[in-house]
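Colleague: For reference, this is start07.cif, and it has mmCIF, C-alpha atoms.
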data_data
#
loop_
_atom_site.label_atom_id
_atom_site.label_comp_id
_atom_site.auth_asym_id
_atom_site.auth_seq_id
_atom_site.Cartn_x
_atom_site.Cartn_y
_atom_site.Cartn_z
CA MET S 1 40.18 66.38 122.60
CA ASN S 2 43.14 68.62 123.23
CA MET S 3 41.41 71.63 121.89
CA LEU S 4 38.44 70.42 123.71
CA PHE S 5 40.16 70.50 127.05
CA ARG S 6 41.76 73.79 126.28
CA ASN S 7 38.51 75.25 125.23
CA ILE S 8 36.95 73.94 128.30
CA ILE S 9 39.47 75.56 130.44
CA ALA S 10 39.21 78.76 128.60
CA ALA S 11 35.50 78.72 128.76
CA LEU S 12 35.62 77.82 132.39
CA SER S 13 37.95 80.49 133.46
CA LEU S 14 36.17 82.84 131.20
CA GLY S 15 32.89 81.70 132.34
CA LEU S 16 33.73 82.36 135.87
CA LEU S 17 34.56 85.96 135.85
CA THR S 18 32.65 89.06 135.32
CA ILE S 19 32.08 92.61 136.16
CA GLY S 20 29.27 93.58 138.50
CA VAL S 21 26.63 90.96 138.01
CA GLN S 22 23.42 92.00 139.68
CA ALA S 23 22.17 90.12 142.70
CA GLN S 24 18.99 88.77 141.20
CA THR S 25 19.96 88.26 137.59
CA ALA S 26 18.56 85.19 135.91
CA PRO S 27 21.03 82.32 136.33
CA ASP S 28 21.73 81.93 132.62
CA GLU S 29 22.31 85.66 132.29
CA PHE S 30 24.68 85.49 135.27
CA VAL S 31 26.75 82.76 133.61
CA ARG S 32 26.69 84.47 130.23
CA THR S 33 27.89 87.79 131.62
CA ILE S 34 30.75 86.22 133.56
CA SER S 35 31.80 84.06 130.62
CA GLN S 36 31.77 86.86 128.09
CA SER S 37 33.81 89.15 130.26
CA VAL S 38 36.45 86.50 130.96
CA LEU S 39 36.60 85.56 127.28
CA GLU S 40 37.09 89.16 126.26
CA GLU S 41 39.90 89.67 128.71
CA ILE S 42 41.72 86.54 127.57
CA ARG S 43 41.27 87.42 123.91
CA SER S 44 42.82 90.81 124.47
CA ASP S 45 45.76 89.55 126.54
CA ARG S 46 48.51 87.60 124.83
CA SER S 47 50.36 86.60 127.95
CA LEU S 48 47.18 84.98 129.22
CA GLN S 49 46.87 82.99 126.01
CA SER S 50 50.44 81.82 126.27
CA GLY S 51 49.62 80.19 129.58
CA ASP S 52 51.07 82.65 132.09
CA ILE S 53 49.84 81.03 135.26
CA GLU S 54 50.35 84.03 137.53
CA ARG S 55 48.43 86.29 135.23
CA LEU S 56 45.62 83.81 134.98
CA ASN S 57 45.66 83.61 138.73
CA GLY S 58 45.14 87.35 138.97
CA LEU S 59 42.34 87.28 136.44
CA VAL S 60 40.55 84.54 138.33
CA ASP S 61 40.95 86.44 141.59
CA ARG S 62 39.46 89.61 140.20
CA LYS S 63 36.77 88.31 137.95
CA VAL S 64 35.82 84.80 139.01
CA MET S 65 36.32 84.30 142.71
CA PRO S 66 33.75 86.92 143.79
CA TYR S 67 31.11 84.68 142.24
CA VAL S 68 32.33 81.36 143.61
CA ASP S 69 31.59 79.92 147.01
CA PHE S 70 35.01 78.42 147.20
CA GLN S 71 34.93 77.39 150.81
CA ARG S 72 31.83 75.31 150.12
CA MET S 73 33.44 73.89 147.01
CA THR S 74 36.51 72.77 148.93
CA ALA S 75 34.45 71.44 151.83
CA LEU S 76 32.35 69.37 149.43
CA ALA S 77 35.42 68.06 147.65
CA VAL S 78 37.14 67.05 150.87
CA GLY S 79 33.90 65.45 152.05
CA ARG S 80 33.24 64.27 155.55
CA ASN S 81 36.84 64.81 156.62
CA TRP S 82 36.51 68.57 156.16
CA ARG S 83 35.05 69.11 159.62
CA GLY S 84 37.83 67.14 161.21
CA ALA S 85 40.42 69.46 159.72
CA ASN S 86 41.62 72.40 161.81
CA PRO S 87 41.33 75.97 160.48
CA GLU S 88 44.97 76.01 159.39
CA GLN S 89 44.54 72.78 157.43
CA GLN S 90 41.30 74.06 155.90
CA LYS S 91 43.05 77.20 154.73
CA THR S 92 45.87 75.21 153.14
CA LEU S 93 43.40 72.82 151.51
CA MET S 94 41.53 75.75 149.96
CA GLN S 95 44.76 77.28 148.65
CA GLU S 96 46.03 74.08 147.10
CA PHE S 97 42.66 73.04 145.68
CA ARG S 98 42.28 76.43 144.07
CA ARG S 99 45.71 76.06 142.50
CA LEU S 100 44.85 72.58 141.26
CA LEU S 101 41.71 73.84 139.50
CA LEU S 102 43.66 76.72 138.02
CA LEU S 103 46.29 74.34 136.64
CA THR S 104 43.57 72.03 135.34
CA TYR S 105 42.25 74.85 133.21
CA SER S 106 45.23 76.90 132.25
CA GLY S 107 45.93 74.88 129.11
CA ALA S 108 42.56 75.69 127.57
CA VAL S 109 43.10 79.39 127.61
CA ARG S 110 45.29 79.34 124.53
CA GLN S 111 42.63 78.23 122.08
CA VAL S 112 40.11 80.81 123.03
CA ASN S 113 40.03 82.73 119.78
CA GLU S 114 38.25 80.00 117.87
CA LEU S 115 35.52 79.52 120.43
CA THR S 116 31.92 80.54 120.63
CA LEU S 117 30.01 80.13 123.84
CA GLN S 118 26.35 79.14 123.93
CA VAL S 119 24.28 79.16 127.10
CA ARG S 120 21.49 76.61 126.97
CA PRO S 121 18.02 77.52 128.23
CA VAL S 122 17.71 76.88 131.97
CA ARG S 123 15.01 74.55 133.20
CA ALA S 124 14.27 75.93 136.64
CA LYS S 125 11.46 77.55 138.56
CA PRO S 126 11.99 81.23 139.39
CA ASP S 127 12.22 80.46 143.11
CA ASP S 128 14.67 77.55 142.86
CA ASP S 129 17.67 78.06 145.12
CA GLU S 130 19.92 75.65 143.27
CA VAL S 131 20.16 75.77 139.51
CA ILE S 132 22.26 74.07 136.87
CA VAL S 133 23.26 76.23 133.92
CA ARG S 134 24.48 74.28 130.90
CA THR S 135 26.70 75.83 128.30
CA GLN S 136 28.48 74.56 125.27
CA VAL S 137 31.60 75.80 123.65
CA LEU S 138 31.38 75.51 119.88
CA ARG S 139 34.49 74.66 117.89
CA PRO S 140 34.66 74.49 114.12
CA GLY S 141 34.47 70.94 112.79
CA ARG S 142 34.23 69.22 116.14
CA GLU S 143 31.74 68.31 118.76
CA PRO S 144 30.98 71.12 121.17
CA ILE S 145 32.52 70.99 124.64
CA GLN S 146 30.00 70.80 127.37
CA ILE S 147 30.58 72.98 130.44
CA ASP S 148 27.96 73.31 133.15
CA TYR S 149 27.78 75.25 136.38
CA ARG S 150 25.92 74.55 139.59
CA LEU S 151 24.67 77.76 141.20
CA GLN S 152 23.35 78.51 144.65
CA ARG S 153 21.20 81.54 145.46
CA SER S 154 22.68 83.64 148.24
CA ALA S 155 22.09 87.04 149.79
CA GLY S 156 24.78 88.50 147.56
CA GLY S 157 23.42 86.96 144.35
CA TRP S 158 24.23 83.68 142.63
CA LYS S 159 27.33 81.75 143.66
CA ILE S 160 28.97 78.99 141.66
CA PHE S 161 29.87 75.96 143.70
CA ASP S 162 30.53 73.23 141.17
CA MET S 163 31.25 72.85 137.51
CA ASN S 164 31.04 70.10 134.98
CA ILE S 165 33.33 69.44 132.07
CA MET S 166 32.11 67.00 129.44
CA GLY S 167 29.85 65.27 131.91
CA LEU S 168 32.22 65.22 134.86
CA TRP S 169 31.21 67.19 137.98
CA LEU S 170 34.53 68.31 139.40
CA VAL S 171 33.62 68.53 143.07
CA GLU S 172 32.17 65.03 143.10
CA HIS S 173 35.10 63.74 141.10
CA TYR S 174 37.67 65.23 143.46
CA ARG S 175 35.72 64.02 146.48
CA ASN S 176 36.20 60.44 145.27
CA GLN S 177 39.84 61.01 144.41
CA PHE S 178 40.54 62.70 147.75
CA ALA S 179 38.69 60.04 149.77
CA GLN S 180 41.25 57.49 148.67
CA VAL S 181 44.18 59.71 149.65
CA VAL S 182 42.67 60.64 153.01
CA GLY S 183 41.88 56.99 153.67
CA ALA S 184 45.52 56.09 153.11
CA SER S 185 47.28 59.00 154.79
CA GLY S 186 44.87 61.41 156.46
CA ILE S 187 44.26 65.11 155.94
CA ASP S 188 47.94 65.96 156.11
CA GLY S 189 48.59 63.30 153.50
CA LEU S 190 45.98 64.94 151.27
CA ILE S 191 47.62 68.34 151.71
CA GLN S 192 50.95 66.78 150.82
CA SER S 193 49.52 65.04 147.73
CA LEU S 194 47.88 68.26 146.55
CA LYS S 195 51.16 70.12 146.86
CA GLU S 196 53.04 67.43 144.99
CA LYS S 197 50.39 67.25 142.29
CA ASN S 198 50.47 71.01 141.77
CA GLN S 199 54.23 70.94 141.66
CA SER S 200 54.35 68.19 139.07
CA LEU S 201 51.67 69.87 136.94
CA VAL S 202 53.70 73.04 136.80
CA MET S 203 56.86 71.12 135.96
CA GLY S 204 55.23 68.83 133.44
CA GLY S 205 53.57 71.65 131.58
CA GLY S 206 50.01 70.88 132.54
CA GLY S 207 49.23 73.76 130.25
CA ALA S 208 51.34 76.10 132.37
CA LYS S 209 54.65 77.41 131.21
CA GLN S 210 55.47 79.85 133.96
CA SER S 211 56.75 78.99 137.39
CA ALA S 212 54.20 78.36 140.06
CA LYS S 213 55.76 80.56 142.67
CA MET W 1 45.17 39.46 112.74
CA ASN W 2 48.52 37.78 113.12
CA ARG W 3 49.84 40.71 115.05
CA PHE W 4 46.97 40.47 117.47
CA LEU W 5 47.58 36.77 117.98
CA ARG W 6 51.15 37.49 118.90
CA LEU W 7 49.96 39.88 121.58
CA ILE W 8 48.06 37.16 123.40
CA PRO W 9 51.01 35.65 125.29
CA ILE W 10 52.11 39.13 126.38
CA LEU W 11 48.58 39.75 127.51
CA GLY W 12 48.58 36.53 129.48
CA ILE W 13 51.79 37.47 131.23
CA ALA W 14 50.49 40.94 131.95
CA LEU W 15 47.30 39.60 133.46
CA SER W 16 48.83 36.84 135.54
CA ALA W 17 51.58 39.09 136.84
CA GLY W 18 48.93 41.69 137.38
CA CYS W 19 45.62 40.88 138.85
CA ALA W 20 46.69 44.05 140.29
CA HIS W 21 47.10 45.05 143.87
CA LEU W 22 44.71 47.76 144.97
CA PRO W 23 46.23 51.04 146.20
CA ALA W 24 46.20 52.07 149.87
CA GLY W 25 42.98 53.74 150.96
CA HIS W 26 41.17 52.06 148.08
CA VAL W 27 37.40 52.60 148.02
CA PRO W 28 35.43 49.92 146.14
CA ASP W 29 32.99 51.17 143.50
CA GLU W 30 29.82 49.24 142.76
CA ARG W 31 30.11 50.03 139.06
CA ASP W 32 33.46 48.25 138.94
CA PRO W 33 33.20 44.72 140.37
CA TRP W 34 35.99 43.47 138.10
CA GLU W 35 38.48 46.04 139.29
CA ARG W 36 41.44 43.70 139.73
CA TYR W 37 41.19 42.43 136.16
CA ASN W 38 40.49 45.94 134.89
CA ARG W 39 43.51 47.39 136.64
CA ALA W 40 45.76 44.71 135.19
CA MET W 41 44.40 45.35 131.69
CA PHE W 42 44.75 49.10 132.24
CA GLU W 43 48.43 48.59 133.05
CA PHE W 44 48.87 46.42 129.98
CA ASN W 45 47.18 48.97 127.70
CA ASP W 46 49.30 51.67 129.26
CA SER W 47 52.52 49.84 128.46
CA VAL W 48 51.44 49.28 124.85
CA ASP W 49 50.54 52.94 124.68
CA ARG W 50 53.91 54.09 125.96
CA ALA W 51 55.83 51.72 123.70
CA VAL W 52 53.89 52.15 120.46
CA VAL W 53 50.78 54.31 120.26
CA LYS W 54 51.92 57.47 121.99
CA PRO W 55 55.21 57.74 120.06
CA LEU W 56 53.32 57.26 116.78
CA ALA W 57 50.83 59.95 117.79
CA GLU W 58 53.69 62.34 118.52
CA VAL W 59 55.24 61.69 115.12
CA TYR W 60 51.86 62.17 113.47
CA ARG W 61 51.34 65.45 115.32
CA ASP W 62 54.81 66.80 114.59
CA TYR W 63 55.45 65.65 111.02
CA VAL W 64 52.12 65.41 109.20
CA PRO W 65 51.06 68.85 107.93
CA PRO W 66 48.12 70.25 109.93
CA LEU W 67 46.01 70.66 106.81
CA ALA W 68 46.45 66.96 105.97
CA GLN W 69 45.52 66.03 109.54
CA GLN W 70 42.43 68.20 109.38
CA SER W 71 41.37 66.83 105.98
CA LEU W 72 41.76 63.23 107.08
CA ARG W 73 39.78 63.93 110.22
CA ASN W 74 37.02 65.60 108.21
CA PHE W 75 36.89 62.80 105.67
CA PHE W 76 36.50 60.01 108.24
CA GLY W 77 34.23 62.24 110.31
CA ASN W 78 31.92 62.58 107.32
CA LEU W 79 31.68 58.80 106.95
CA ARG W 80 30.93 58.60 110.67
CA ASP W 81 28.19 61.22 110.23
CA VAL W 82 26.35 58.75 107.97
CA ILE W 83 26.01 56.23 110.77
CA ILE W 84 25.39 59.01 113.31
CA THR W 85 22.37 60.03 111.23
CA ALA W 86 21.09 56.47 111.52
CA HIS W 87 21.66 56.48 115.28
CA GLN W 88 19.68 59.70 115.70
CA LEU W 89 16.81 58.00 113.85
CA PHE W 90 17.15 54.82 115.96
CA GLN W 91 16.84 57.04 119.01
CA GLY W 92 13.82 58.86 117.64
CA LYS W 93 15.54 62.24 117.47
CA LEU W 94 14.27 63.54 114.15
CA GLU W 95 15.69 67.02 114.41
CA ALA W 96 19.14 65.72 115.34
CA ALA W 97 18.90 63.22 112.48
CA GLY W 98 18.14 66.12 110.15
CA THR W 99 21.21 67.98 111.36
CA ALA W 100 23.51 64.96 111.04
CA GLY W 101 22.06 64.05 107.63
CA GLY W 102 22.40 67.68 106.55
CA ARG W 103 26.07 67.56 107.53
CA VAL W 104 26.61 64.55 105.29
CA LEU W 105 24.84 66.20 102.34
CA VAL W 106 26.65 69.51 102.67
CA ASN W 107 30.08 68.09 103.38
CA THR W 108 29.92 65.40 100.70
CA THR W 109 29.03 67.97 98.05
CA LEU W 110 30.34 71.40 99.00
CA GLY W 111 33.01 69.84 101.20
CA PHE W 112 34.64 67.79 98.40
CA LEU W 113 33.56 64.31 99.55
CA GLY W 114 33.95 65.31 103.18
CA VAL W 115 37.52 66.60 103.09
CA ALA W 116 36.29 70.03 104.19
CA ASP W 117 33.61 70.78 106.74
CA PRO W 118 31.49 73.73 105.56
CA ALA W 119 28.51 72.29 107.45
CA SER W 120 29.97 73.43 110.78
CA GLU W 121 30.16 76.98 109.52
CA MET W 122 26.51 76.75 108.53
CA GLY W 123 25.62 75.93 112.12
CA LEU W 124 25.17 72.18 111.62
CA VAL W 125 26.92 71.09 114.81
CA LYS W 126 28.72 67.75 114.91
CA THR W 127 27.32 65.21 117.34
CA ASN W 128 28.62 62.04 118.96
CA GLU W 129 26.63 58.79 118.73
CA ASP W 130 27.41 55.08 118.69
CA PHE W 131 25.68 51.78 119.41
CA GLY W 132 26.52 51.90 123.12
CA GLN W 133 24.69 55.20 123.40
CA THR W 134 21.74 53.98 121.34
CA PHE W 135 21.41 50.86 123.53
CA GLY W 136 21.58 53.11 126.57
CA ARG W 137 18.90 55.36 125.15
CA TRP W 138 16.72 52.30 124.61
CA GLY W 139 17.07 51.56 128.32
CA ALA W 140 19.96 49.09 128.50
CA GLU W 141 21.93 49.34 131.73
CA SER W 142 25.65 49.80 131.30
CA GLY W 143 26.64 46.71 133.28
CA PRO W 144 30.06 46.55 134.96
CA TYR W 145 32.97 48.70 133.88
CA PHE W 146 35.10 46.61 131.56
CA MET W 147 38.60 47.42 130.34
CA LEU W 148 39.03 46.17 126.76
CA PRO W 149 42.42 45.00 125.51
CA LEU W 150 44.01 47.83 123.48
CA LEU W 151 40.72 49.72 123.06
CA GLY W 152 40.59 50.87 126.68
CA PRO W 153 37.71 51.82 128.99
CA SER W 154 34.28 50.36 128.29
CA THR W 155 31.32 48.70 129.96
CA VAL W 156 29.60 45.44 129.07
CA ARG W 157 26.94 47.33 127.14
CA ASP W 158 29.41 49.57 125.39
CA ALA W 159 31.68 46.64 124.51
CA ILE W 160 28.74 44.99 122.71
CA GLY W 161 28.10 48.38 121.16
CA THR W 162 31.69 48.52 119.94
CA VAL W 163 31.32 45.16 118.18
CA ALA W 164 28.19 46.50 116.48
CA ASP W 165 30.01 49.75 115.63
CA PHE W 166 32.66 47.81 113.76
CA SER W 167 30.13 45.60 111.93
CA PHE W 168 28.10 48.54 110.66
CA ASP W 169 30.95 50.97 110.19
CA PRO W 170 30.70 52.78 106.84
CA ILE W 171 34.49 52.98 106.84
CA GLY W 172 34.48 49.18 106.64
CA SER W 173 32.37 49.25 103.48
CA VAL W 174 34.31 52.04 101.82
CA PHE W 175 37.65 50.39 102.52
CA ASN W 176 36.67 46.79 101.95
CA GLN W 177 40.13 45.28 101.64
CA SER W 178 41.36 44.31 105.02
CA ALA W 179 44.84 45.80 104.59
CA ALA W 180 43.48 49.20 103.62
CA ARG W 181 40.90 49.03 106.38
CA ASN W 182 43.54 48.28 108.99
CA VAL W 183 45.61 51.23 107.86
CA VAL W 184 42.57 53.47 108.10
CA TYR W 185 41.65 52.24 111.59
CA GLY W 186 45.26 52.70 112.62
CA LEU W 187 45.22 56.28 111.37
CA ILE W 188 41.99 57.03 113.17
CA ALA W 189 43.37 55.58 116.39
CA ILE W 190 46.52 57.66 116.09
CA ASP W 191 44.53 60.78 115.38
CA ARG W 192 42.46 60.20 118.52
CA ARG W 193 45.56 59.56 120.57
CA LYS W 194 47.06 62.78 119.25
CA ASP W 195 44.12 64.72 120.67
CA LEU W 196 44.85 63.25 124.05
CA LEU W 197 48.48 64.40 124.04
CA ASP W 198 47.51 67.95 124.85
CA ALA W 199 44.90 66.88 127.37
CA GLN W 200 47.58 65.03 129.30
CA GLY W 201 47.96 67.75 131.91
CA THR W 202 44.22 67.93 132.49
CA ILE W 203 43.97 64.16 132.85
CA GLU W 204 46.81 64.17 135.36
CA ALA W 205 45.23 67.02 137.29
CA LEU W 206 42.04 65.00 137.58
CA SER W 207 43.75 61.81 138.74
CA PHE W 208 45.36 61.28 142.10
CA ASP W 209 44.97 57.60 141.33
CA ARG W 210 45.23 57.29 137.58
CA TYR W 211 43.05 54.22 137.25
CA THR W 212 40.06 55.59 139.17
CA GLY W 213 40.56 59.07 137.70
CA VAL W 214 40.27 57.77 134.15
CA ARG W 215 37.45 55.39 135.05
CA ASP W 216 35.27 57.99 136.77
CA ALA W 217 35.82 60.60 134.07
CA TRP W 218 35.06 58.07 131.35
CA LEU W 219 31.87 56.75 132.98
CA ALA W 220 30.62 60.30 133.62
CA ARG W 221 31.32 61.22 130.01
CA ARG W 222 29.39 58.22 128.69
CA ARG W 223 26.41 58.92 130.91
CA SER W 224 26.37 62.50 129.73
CA LEU W 225 26.62 61.43 126.07
CA ILE W 226 23.65 59.10 126.34
CA TYR W 227 21.53 62.02 127.51
CA ASP W 228 23.13 64.37 124.97
CA GLY W 229 24.74 66.47 127.67
CA ASP W 230 21.60 66.83 129.75
CA PRO W 231 21.40 63.86 132.14
CA PRO W 232 18.89 63.85 134.99
CA PRO W 233 20.54 65.50 137.98
CA SER W 234 22.17 63.25 140.51
CA PRO W 235 21.58 64.90 143.87
CA MET W 236 24.69 66.19 145.54
CA LYS W 237 25.45 64.95 149.00
CA GLU W 238 26.47 67.51 151.60
CA GLU W 239 28.59 65.60 154.04
#
Spit out the file's structure as C-alpha cells when you get a sec.
Modeller:
Amino acid sequence: MNMLFRNIIAALSLGLLTIGVQAQTAPDEFVRTISQSVLEEIRSDRSLQSGDIERLNGLVDRKVMPYVDFQRMTALAVGRNWRGANPEQQKTLMQEFRRLLLLTYSGAVRQVNELTLQVRPVRAKPDDDEVIVRTQVLRPGREPIQIDYRLQRSAGGWKIFDMNIMGLWLVEHYRNQFAQVVGASGIDGLIQSLKEKNQSLVMGGGGAKQSAK
Amino acid sequence: MNRFLRLIPILGIALSAGCAHLPAGHVPDERDPWERYNRAMFEFNDSVDRAVVKPLAEVYRDYVPPLAQQSLRNFFGNLRDVIITAHQLFQGKLEAAGTAGGRVLVNTTLGFLGVADPASEMGLVKTNEDFGQTFGRWGAESGPYFMLPLLGPSTVRDAIGTVADFSFDPIGSVFNQSAARNVVYGLIAIDRRKDLLDAQGTIEALSFDRYTGVRDAWLARRRSLIYDGDPPPSPMKEE
C-alpha cells in the first residue's frame, strides 16, 4: 500500500506533464505522452525522488499544469459555494488546493524506478467531449495501482479535470470533504482548514521533506 | 479466543461512551445509516491501533530484514492466489482465472513454494478478489457501511464475505493448529498495517474529517474492485 500510494503519486505527477501534446491527439496518447515525460524527468532527477517539494512544484508547473483545467477542478471540488466566493477567495482556494494535491502525491515520487505504466484502451466515440482514460501502474509482486484521468475536449486540446486513484475520484472526494468544512465555518473556514492541512502535511512528512515555503 | 473475550468489556465502554457526536457541518450519507455506531467503533479501533498494531508494524518494518518481509508476503500471497483463482472462476472470468492459476503454478514450482514471485516478471499480474467482491459481482448490494471491531471498514455484504473468506482460507488449511494459524494471521495483519505506515500522509491529505475520509475512500475502492477497476461511470455533477 505504501509503495502503491507512492507509485500513484509518481504516476500521477508523471502522468500529468508533458512536452507539446498536439491539440487533437487521441486521449490515451495524450495521457501516455504526459506520463512518460514526467516519469523520465523524475527518473533522471535525484532531488525529485528524495521528495523535494519545491522542485516537484516546478516540474508540475512546467509539465502538468498546461494540460489541467485547474480552475474547473477547484470549482468542482468546492461545489456550489464556489460562486459565492469572491475573486480573492477563489484565487486563494486554487493556490491551497493545488498545494494539497501536490503534497498528496509527493510521497509517491520516490518509488518511480520500479514502475511501469500501462494505458488501458479507451472506450469512447471519436467525437466524445468527455473521456475517461484508465491507466495502471505495474509493480513487481503486487497488484497494479489504478490511476485514471477525466479529460475534457477544449479548443486548446485535451484538458485534465479530475483524476482517480484506486477507485477514488479526487474532485468528488474533496467536494464531500469540503462541504462539511464549509457547512461548519464558511468559505473562509475552508481556506483556513486548507492552509492548516497543508502546513501539517509538510511538518508531518506527508511525503515531503523540504519546507513548504 | 480468550484475548478477544477480554476485549469485550473495553468495547462496551468504548461504545457506550461513544455513540459518537457528529462533527459540525456534518452531512449525512445514505450509505451510512449507522454512522453513530460506526464512528464509535472507528474510535475504538483507532485506539487499539495506536496502542498495539501500529507500534508492532513499525517494529516489523524496522527490524525484520526486507528480504524476509518480501518472502513472507510472497508465500502468503501465493496461498491467497489459490482462492483468487477460484473467485475468478466463480465470477466467470476464465482468462483472469488462467492468470491467477498460472501464478500459483509458476510460483509454487519456480518460486520455491511461493517464497519468490517469478510469475510477476512473466507478466502474470497479481489480482485482488474475495467473497465480498464475488457476491457483488453476482449482484448483491453492499448494504450499509459497517465498521467491524478490530478489522475496520466493511459493509454488510463484505462482512458476510469476510466470514466466508476465513472459512475457505487456504491459510487455515495449511496452518491447521489454531496457535500457528493465529500467529500467521497476526503476521499478515502486521504486514498490511506496515504498508499503511507510508501511506499515512496521503490518507491525512484526503481526510479533513478522518472518519468520512476513510469511509469514502474505502467504499470507492471496493466499488472499483468489484468492477476490476472499470466501474460504470457515475455522472459528475456540475454545481
Colleague: Could you state which residues are captured by the PyMOL selection byres ((chain W and resi 204-214) around 7) in this file, as number ranges by chain?
Modeller: S: 100, 104, 177; W: 39, 200-203, 215-218
Colleague: Just write the chosen residues, C-alpha atoms, as a PDB file, keeping the file's coordinate frame.
Modeller:
ATOM      1  CA  LEU S 100      44.850  72.580 141.260  1.00  0.00           C
ATOM      2  CA  THR S 104      43.570  72.030 135.340  1.00  0.00           C
ATOM      3  CA  GLN S 177      39.840  61.010 144.410  1.00  0.00           C
TER       4      GLN S 177
ATOM      5  CA  ARG W  39      43.510  47.390 136.640  1.00  0.00           C
ATOM      6  CA  GLN W 200      47.580  65.030 129.300  1.00  0.00           C
ATOM      7  CA  GLY W 201      47.960  67.750 131.910  1.00  0.00           C
ATOM      8  CA  THR W 202      44.220  67.930 132.490  1.00  0.00           C
ATOM      9  CA  ILE W 203      43.970  64.160 132.850  1.00  0.00           C
ATOM     10  CA  ARG W 215      37.450  55.390 135.050  1.00  0.00           C
ATOM     11  CA  ASP W 216      35.270  57.990 136.770  1.00  0.00           C
ATOM     12  CA  ALA W 217      35.820  60.600 134.070  1.00  0.00           C
ATOM     13  CA  TRP W 218      35.060  58.070 131.350  1.00  0.00           C
TER      14      TRP W 218
END
Colleague: Report as a PyMOL selection string the set of chain W residues whose atoms approach chain S to within 9 Å, with distances computed over only C-alpha atoms.
Modeller: chain W and resi 23-27+74+116-121+125-128+192-209+212-213+216-225+229-231+233+236-239
Colleague: Hey, can you check how far CA of Leu113 (chain W) sits from CA of Glu95 (chain W)?
Modeller: 23.4 Å
Colleague: If you count all atoms listed in the file, which residues fall within 8 Å of region 171-177 of chain W, apart from same-chain ones fewer than 4 positions away, as a ChimeraX atom specification?
Modeller: /W:76,79-80,166-167,181
Colleague: Where does the PyMOL selection byres ((chain W and resi 65-72) around 10) land in this file, that is, which residues does it pick, as a count of residues only?
Modeller: 20
Colleague: What gap, in Å, lies between CA of Tyr149 (chain S) and CA of Asp45 (chain S)?
Modeller: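 Going from CA of Tyr149 (chain S) over to CA of Asp45 (chain S) covers 25.0 Å.
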Colleague: Evaluated on this file, the PyMOL selection byres ((chain W and resi 155) around 6) picks out some residues - which ones are they, written as a PyMOL selection string?
Modeller: chain W and resi 142+144-146+154+156-159
Colleague: So the first atom is CA of Val104 (chain W) and the second is CA of Ile160 (chain W); what is the distance between them in Å, to one decimal place?
Modeller: 26.3 Å
